[in-house]
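Step one of this worksheet: look at the structure below.
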Amino acid sequence: MQSSASSRVHELGLRQLSGLLHAKKISCIELTSEFLNRIKTLNPRYNAFITVDHKASLVQAAEADALFASGRAQMLTGIPLAQKDIFCTQGWLTTCGSKMLANFVSPYDAHVVERFKQLGMVSLGKTNMDEFAMGSSNETSFFGAVKNPWDAAYVPGGSSGGSACAVAARMCPAATGTDTGGSIRQPAALCGISGLKPTYGVVSRYGMIAFASSLDQGGPMAKSADDLALLLNAMAGFDARDSTSIERPAEDYARDLNQPIAGLRIGLPREYFSDGVDADVARAIDLAIAEYRKLGCETVDLSLPNTKLSIPVYYVLAPAEASSNLSRFDGVRYGYRAPQYGNLDDMYRKTRAQGFGAEVKRRILIGAYVLSHGYYDAYYFQAQKLRRLIAQDFADAFQKCDVIMGPTTPSTAFRLGEKSGDPVQMYLSDIYTIAANLAGLPGMSIPAGFGDGGRPVGLQIIGDYFSEAKMLDVAHQYQQATDWHLRVPEDSVALASKIPPNIPSPQAGGGLGWGRL
Amino acid sequence: MNWEIVIGLEVHAQLKTQSKIFSAASTQFGAEPNTQACAVDLALPGVLPVLNRAAVQQAIKFGLAVGARINRHSIFARKNYFYPDLPKGYQISQFELPIVEGGFVLLTFPDREKTVRLTRAHLEEDAGKSLHEDFHGATGIDLNRAGTPLLEIVSEPDMRSAEEAVAYAKTLHALVTFLDICDGNMQEGSFRCDANVSLRKAGDAKLGTRCEIKNLNSFRFLERAIEYEVARQKEILEDGGGIVQQTRLYDPDKDETRAMRTKEDAHDYRYFPDPDLLPLEVSDDWIDETRARLPELPQAKRERYAREFGLSAYDAGILTASRGMAAYFEAALARLPDQQKLIANWVIGELSAKLNRENLEIGASPIDSGQLAGLLQRIADGTLSGKIAKDVFNAMWQQEEGGDADAIIAKKGLKQISDSRELEAIVDRIIEQNPAQAADYRAGKEKVFGFFVGQAMKATQSRANPAQLNEIVKSKLTE
């Protein structure tokens, strides 16, 4: 293999990587080793991974090579990717970013993990995340905050911050994320990558540790819309083990990628372009919209009048579901148990007091409160009604437009520690992403330039139910016309330059075994 | 003071499905601890519930059988509380919109009938078991039972005595076993009752404060617990005290109920719709198909027995009190088609008495329906007297001669003596030996007639055909 090729593989998209593998220009083991090396060098600075297991990854890569050798390789065979540590992976730690599960090795694979394995894809490790996906900065992880590769003094966003950082710093070609209120789109925006939250029910939640069941949805995070489409093909599909999984014919999410978008009607909700948006973000979004006009799209001004309700509604419903979903972490069967306790109640109290971090406890308390006798009608029941109004806003909007666009976040990445003492300020950073979860709609974020500090700005695209293929085309057309998605953080480029050019043999990597970096 | 007793029951009937209500694990009773608990039952991180349609089917069956409304749209909710044998920290149950609402059950007593209204019946999952023995101060958790489907059947407070409560529980038990939706095994906990008991002054419209007695797993405990609880409440009220709303446990060893928790420390279960499960939609077609496949229900069977076999309503009621009882009766009837009365008398009389004495279900009877039919055939054809038949029955019960009536009759020489010459010879001899009594009879003291019959029976070890013997004694004494 050419050394020039090896120094560039981390920049390539999935189609190109697949092409190299199928043309036997590179082996799965070489490709996997390349990324493992980058993780080894870059991760100590960014803390994007909780668990890396060189040996296990290389074993998977060897199996993928065997598929190539026997002519059974498919498009994504041998492509390495990272899993958000919320997905259960057999034989690997699955911590969900919590002390509560710091020792938990899942005896089974999540649905999406099974799908990746069936295709012969290779796992590079488990990415860091806010504890139980509760957070917008990745600072609530028991395993320490993730750093933004564009500026390590800034947060990468959350909760899928480890995955976003890992893709941005090219420690993996792609990663999985989950999005309950923006946890794929917000970190994608803050780290300058592409991320898609599909329509609720498109990706099975089986094996994805629940935060708020009616809002949680897994999705892909990658460098480009093209990569997202290929990954979504692997992740999506009916699963009888998830009662909320939607049974519909399989689709090829890449099928529309080259459809012209002239005449597309882009809805611009005035609530997404209000005073709440930082000027540098607004400027970048305006330029992105201008680019779409150049591509022949029309814009439609419209209103989503209940936008301001989405945060209060979300912070009733999500904690309510979470308070119940997290009850199983009780120290009885698995996970953390307080080392010393008196009676049973004391064991519960100490285990949960010691095992959960502050943000998780805050949400359990809120959730238990809004569900409690005498408050249910005033909070939970009201919030459910408002949730329907918010969904109706979108239904009305999609009468007038094909997709909705706006900023993914009101600002670019904020400093580590800047909002961690002020939960409400933190919650407000999800103001534009939450509504899509409440309505169950697909939403994505793609890189759209940079703000004043040189930190990325994300353009959010919200589509109607099951319109992922169209949204991916809309994003892809923009990425054909711009190169924001190809920009790489200089900080990571400088660090990576120290990586020796040679690619280690599988034997060399084989001895490393378990390692938490 | 005249107090009116008010009782409502909540019955948990374990549904007869192969797998659990939200997972694919088996529901078989008695396996090694935790061998029938899959990832879903263990509530591992990331697992999700999937509703078992067979459990829904059985709930529909029940609803149709009690004339209830089957809700086309019902909701599963989470009941949140912490307990080690509740792996998720919540139980999936139905709260605001249950699958079955309304309906009624008809109770039959020797002298009257009574209707008990049902409030609702809803689907839910059972918890696991905490094992407090054998763990040296620790508690063992067995999750085999976790996720077993239950139908919780809630009655209106329509019962007015322990007797009525027991009759209701038995009627319901018969119904769910007839429907084949519950095995009815109370020892294994397949059918358990909670009783809500309160008292009020006769004539009061308002209900008194109630206490709930939990987990009564036999009809006898149900009766004893209610009787104790009624006496306890009566004593408090008559002393001018007030009843504290409580959950109480019945201790069968001490035959008393004792407080488990009061309303003040009652849980706030924080019910809310389970977001992992879609609302349960039941189509009209599903209901119609289920209705078409309903078996003959106890009440219809009871009416048919009374009509076709000329049995009293009460006797017909006993024969239809359980699926096993009716099946036993019908199997015996198939062997002796024209002896309905004889079979009914024996099943209700001798057999039931013996089963009750030994606390056995009819399914565990040492004498099967074919064997009983064999015995009754010998009564019908005059081989045995009723009295001797009881001896044969007892021998069969002890499994003598493999429980075969004919073999026992042959071995013990119990065949009835219907040979008049043989009987005449015996009677002649007794009259000869007792001239004084014979003279008394002839002098008009007819009471001594019984003495001669008794002596003759004794002489034949009760094998004499009674009707024939009477005739012979009468004619010989008046000669």
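We label chains A, B, ... in the order they appear in the structure tokens, count residues from 1 in each chain, and number ligands from 1 in the order shown.
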
### Message
I need the chain A residues near chain B as a PyMOL selection string; criterion: at most 8 Å, counting only C-alpha atoms.
### Response
chain A and resi 87-88+110+205-210+213-214+240-244+321+324-325+327-328+330+332-333+368+371-373

Could you save those same residues with C-alpha atoms as an mmCIF file, in the first residue's frame?
```cif
data_model
loop_
_atom_site.group_PDB
_atom_site.id
_atom_site.type_symbol
_atom_site.label_atom_id
_atom_site.label_comp_id
_atom_site.auth_asym_id
_atom_site.auth_seq_id
_atom_site.Cartn_x
_atom_site.Cartn_y
_atom_site.Cartn_z
ATOM 1 C CA PHE A 87 -25.529 0.776 22.733
ATOM 2 C CA CYS A 88 -25.169 -2.621 24.354
ATOM 3 C CA ALA A 110 -28.182 -3.977 20.557
ATOM 4 C CA ARG A 205 -34.228 1.024 20.289
ATOM 5 C CA TYR A 206 -33.576 -2.573 21.351
ATOM 6 C CA GLY A 207 -30.300 -2.589 23.229
ATOM 7 C CA MET A 208 -30.065 1.189 23.323
ATOM 8 C CA ILE A 209 -30.133 2.148 26.993
ATOM 9 C CA ALA A 210 -33.302 4.147 27.492
ATOM 10 C CA SER A 213 -38.349 6.150 25.541
ATOM 11 C CA SER A 214 -40.860 8.206 23.575
ATOM 12 C CA ALA A 240 -40.053 -7.025 16.435
ATOM 13 C CA ARG A 241 -38.276 -6.626 19.781
ATOM 14 C CA ASP A 242 -39.102 -2.905 19.850
ATOM 15 C CA SER A 243 -42.870 -2.318 19.967
ATOM 16 C CA THR A 244 -42.355 1.245 18.744
ATOM 17 C CA GLU A 321 -39.797 8.830 31.512
ATOM 18 C CA SER A 324 -38.903 5.402 35.614
ATOM 19 C CA ASN A 325 -36.399 4.077 33.042
ATOM 20 C CA SER A 327 -35.272 2.702 38.332
ATOM 21 C CA ARG A 328 -33.708 -0.566 37.206
ATOM 22 C CA ASP A 330 -30.865 -0.362 41.885
ATOM 23 C CA VAL A 332 -29.591 -5.605 42.900
ATOM 24 C CA ARG A 333 -28.720 -7.435 39.693
ATOM 25 C CA ALA A 368 -40.624 11.749 40.047
ATOM 26 C CA LEU A 371 -45.519 12.124 37.960
ATOM 27 C CA SER A 372 -46.427 12.213 41.610
ATOM 28 C CA HIS A 373 -49.960 12.100 42.904
#
```

### Query
How would you write, as a PyMOL selection string, the set of residues in region 56-285 of chain B that DSSP gives as strand (DSSP E or B)?
chain B and resi 69-70+73-74+77-80+90-93+100-101+104-108+113-125+129-131+140-142+149-155+159+191-201+211-216+246-251+256-262+272-273+280-281

### Task
Could you find all residues in region 435-464 of chain B that DSSP calls alpha helix (DSSP H) from the backbone, and write them as a ChimeraX atom specification?
/B:435-442,449-459

Would you export the selected residues with N, CA and C atoms as a PDB file, in the first residue's frame, please?
```pdb
ATOM      1  N   PRO B 435     -87.571 -66.672  69.136  1.00  0.00           N
ATOM      2  CA  PRO B 435     -89.033 -66.867  69.171  1.00  0.00           C
ATOM      3  C   PRO B 435     -89.739 -65.731  69.912  1.00  0.00           C
ATOM      4  N   ALA B 436     -89.091 -65.194  70.955  1.00  0.00           N
ATOM      5  CA  ALA B 436     -89.747 -64.146  71.740  1.00  0.00           C
ATOM      6  C   ALA B 436     -90.032 -62.921  70.876  1.00  0.00           C
ATOM      7  N   GLN B 437     -89.010 -62.477  70.115  1.00  0.00           N
ATOM      8  CA  GLN B 437     -89.183 -61.304  69.268  1.00  0.00           C
ATOM      9  C   GLN B 437     -90.228 -61.559  68.189  1.00  0.00           C
ATOM     10  N   ALA B 438     -90.222 -62.813  67.674  1.00  0.00           N
ATOM     11  CA  ALA B 438     -91.197 -63.142  66.634  1.00  0.00           C
ATOM     12  C   ALA B 438     -92.611 -63.043  67.199  1.00  0.00           C
ATOM     13  N   ALA B 439     -92.756 -63.500  68.436  1.00  0.00           N
ATOM     14  CA  ALA B 439     -94.065 -63.422  69.081  1.00  0.00           C
ATOM     15  C   ALA B 439     -94.473 -61.976  69.284  1.00  0.00           C
ATOM     16  N   ASP B 440     -93.498 -61.147  69.715  1.00  0.00           N
ATOM     17  CA  ASP B 440     -93.791 -59.716  69.902  1.00  0.00           C
ATOM     18  C   ASP B 440     -94.347 -59.106  68.620  1.00  0.00           C
ATOM     19  N   TYR B 441     -93.681 -59.427  67.510  1.00  0.00           N
ATOM     20  CA  TYR B 441     -94.102 -58.843  66.239  1.00  0.00           C
ATOM     21  C   TYR B 441     -95.529 -59.261  65.913  1.00  0.00           C
ATOM     22  N   ARG B 442     -95.713 -60.536  66.093  1.00  0.00           N
ATOM     23  CA  ARG B 442     -97.047 -61.050  65.742  1.00  0.00           C
ATOM     24  C   ARG B 442     -98.096 -60.463  66.661  1.00  0.00           C
ATOM     25  N   PHE B 449     -89.494 -55.493  63.712  1.00  0.00           N
ATOM     26  CA  PHE B 449     -89.230 -55.840  62.317  1.00  0.00           C
ATOM     27  C   PHE B 449     -87.787 -55.502  61.942  1.00  0.00           C
ATOM     28  N   GLY B 450     -87.370 -54.337  62.377  1.00  0.00           N
ATOM     29  CA  GLY B 450     -86.004 -53.879  62.078  1.00  0.00           C
ATOM     30  C   GLY B 450     -84.958 -54.801  62.677  1.00  0.00           C
ATOM     31  N   PHE B 451     -85.278 -55.374  63.845  1.00  0.00           N
ATOM     32  CA  PHE B 451     -84.345 -56.282  64.490  1.00  0.00           C
ATOM     33  C   PHE B 451     -84.038 -57.475  63.584  1.00  0.00           C
ATOM     34  N   PHE B 452     -85.098 -58.023  62.958  1.00  0.00           N
ATOM     35  CA  PHE B 452     -84.893 -59.191  62.090  1.00  0.00           C
ATOM     36  C   PHE B 452     -84.106 -58.834  60.830  1.00  0.00           C
ATOM     37  N   VAL B 453     -84.408 -57.667  60.265  1.00  0.00           N
ATOM     38  CA  VAL B 453     -83.658 -57.246  59.070  1.00  0.00           C
ATOM     39  C   VAL B 453     -82.196 -57.079  59.428  1.00  0.00           C
ATOM     40  N   GLY B 454     -81.953 -56.438  60.574  1.00  0.00           N
ATOM     41  CA  GLY B 454     -80.581 -56.202  61.029  1.00  0.00           C
ATOM     42  C   GLY B 454     -79.830 -57.510  61.232  1.00  0.00           C
ATOM     43  N   GLN B 455     -80.477 -58.463  61.884  1.00  0.00           N
ATOM     44  CA  GLN B 455     -79.835 -59.755  62.116  1.00  0.00           C
ATOM     45  C   GLN B 455     -79.500 -60.445  60.800  1.00  0.00           C
ATOM     46  N   ALA B 456     -80.419 -60.333  59.836  1.00  0.00           N
ATOM     47  CA  ALA B 456     -80.202 -60.976  58.535  1.00  0.00           C
ATOM     48  C   ALA B 456     -79.043 -60.308  57.799  1.00  0.00           C
ATOM     49  N   MET B 457     -78.989 -59.013  57.891  1.00  0.00           N
ATOM     50  CA  MET B 457     -77.899 -58.275  57.257  1.00  0.00           C
ATOM     51  C   MET B 457     -76.566 -58.687  57.880  1.00  0.00           C
ATOM     52  N   LYS B 458     -76.571 -58.804  59.186  1.00  0.00           N
ATOM     53  CA  LYS B 458     -75.374 -59.193  59.901  1.00  0.00           C
ATOM     54  C   LYS B 458     -74.922 -60.583  59.439  1.00  0.00           C
ATOM     55  N   ALA B 459     -75.895 -61.430  59.314  1.00  0.00           N
ATOM     56  CA  ALA B 459     -75.587 -62.800  58.918  1.00  0.00           C
ATOM     57  C   ALA B 459     -75.026 -62.870  57.499  1.00  0.00           C
TER      58      ALA B 459
END
```

Each region 214-326 of chain A residue no farther than 9 Å from region 178-194 of chain A, nearest pair in Å, only C-alpha atoms, as a Markdown table:
```
| residue | atom | partner | partner_atom | distance |
| --- | --- | --- | --- | --- |
| A:Ser214 | CA | A:Thr180 | CA | 8.6 |
| A:Leu215 | CA | A:Thr180 | CA | 5.0 |
| A:Asp216 | CA | A:Thr180 | CA | 4.4 |
| A:Gln217 | CA | A:Asp179 | CA | 5.4 |
| A:Gly218 | CA | A:Thr178 | CA | 4.1 |
| A:Gly219 | CA | A:Thr178 | CA | 5.8 |
| A:Pro220 | CA | A:Ile184 | CA | 8.1 |
| A:Met221 | CA | A:Ser194 | CA | 5.8 |
| A:Ala222 | CA | A:Ser194 | CA | 5.4 |
| A:Lys223 | CA | A:Ile193 | CA | 5.2 |
| A:Ser224 | CA | A:Ser194 | CA | 5.6 |
| A:Ala225 | CA | A:Ser194 | CA | 6.5 |
| A:Asp227 | CA | A:Ser194 | CA | 8.9 |
| A:Leu228 | CA | A:Ser194 | CA | 7.5 |
| A:Tyr314 | CA | A:Gly181 | CA | 7.8 |
| A:Ala318 | CA | A:Thr180 | CA | 8.2 |
```

Selected residues, N, CA and C atoms, written as an mmCIF file, in the first residue's frame, please.
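result.cif written:
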```
data_model
loop_
_atom_site.group_PDB
_atom_site.id
_atom_site.type_symbol
_atom_site.label_atom_id
_atom_site.label_comp_id
_atom_site.auth_asym_id
_atom_site.auth_seq_id
_atom_site.Cartn_x
_atom_site.Cartn_y
_atom_site.Cartn_z
ATOM 1 N N SER A 214 -40.007 7.697 24.650
ATOM 2 C CA SER A 214 -40.860 8.206 23.575
ATOM 3 C C SER A 214 -40.136 9.237 22.714
ATOM 4 N N LEU A 215 -38.893 9.571 23.090
ATOM 5 C CA LEU A 215 -38.127 10.590 22.364
ATOM 6 C C LEU A 215 -36.827 10.038 21.789
ATOM 7 N N ASP A 216 -36.288 9.003 22.420
ATOM 8 C CA ASP A 216 -34.975 8.456 22.028
ATOM 9 C C ASP A 216 -34.999 7.917 20.599
ATOM 10 N N GLN A 217 -33.988 8.239 19.853
ATOM 11 C CA GLN A 217 -33.857 7.628 18.536
ATOM 12 C C GLN A 217 -32.372 7.578 18.182
ATOM 13 N N GLY A 218 -31.926 6.408 17.751
ATOM 14 C CA GLY A 218 -30.536 6.260 17.333
ATOM 15 C C GLY A 218 -30.361 6.761 15.914
ATOM 16 N N GLY A 219 -29.137 7.150 15.581
ATOM 17 C CA GLY A 219 -28.879 7.608 14.230
ATOM 18 C C GLY A 219 -27.391 7.682 13.955
ATOM 19 N N PRO A 220 -27.041 7.924 12.666
ATOM 20 C CA PRO A 220 -25.630 7.967 12.275
ATOM 21 C C PRO A 220 -25.009 9.353 12.426
ATOM 22 N N MET A 221 -23.687 9.348 12.663
ATOM 23 C CA MET A 221 -22.897 10.587 12.701
ATOM 24 C C MET A 221 -21.670 10.330 11.822
ATOM 25 N N ALA A 222 -21.410 11.242 10.886
ATOM 26 C CA ALA A 222 -20.318 10.999 9.942
ATOM 27 C C ALA A 222 -19.862 12.323 9.336
ATOM 28 N N LYS A 223 -18.991 12.209 8.340
ATOM 29 C CA LYS A 223 -18.444 13.426 7.763
ATOM 30 C C LYS A 223 -19.407 14.053 6.755
ATOM 31 N N SER A 224 -20.216 13.214 6.094
ATOM 32 C CA SER A 224 -21.029 13.744 4.994
ATOM 33 C C SER A 224 -22.407 13.108 4.976
ATOM 34 N N ALA A 225 -23.306 13.733 4.240
ATOM 35 C CA ALA A 225 -24.655 13.203 4.059
ATOM 36 C C ALA A 225 -24.610 11.850 3.350
ATOM 37 N N ASP A 227 -22.299 9.579 3.593
ATOM 38 C CA ASP A 227 -21.958 8.558 4.594
ATOM 39 C C ASP A 227 -23.144 8.264 5.509
ATOM 40 N N LEU A 228 -23.868 9.323 5.868
ATOM 41 C CA LEU A 228 -25.034 9.125 6.736
ATOM 42 C C LEU A 228 -26.046 8.199 6.065
ATOM 43 N N TYR A 314 -40.487 19.441 27.107
ATOM 44 C CA TYR A 314 -39.443 18.418 27.114
ATOM 45 C C TYR A 314 -38.960 18.140 28.530
ATOM 46 N N ALA A 318 -39.351 14.246 29.368
ATOM 47 C CA ALA A 318 -38.125 13.446 29.350
ATOM 48 C C ALA A 318 -37.717 13.007 30.766
#
```
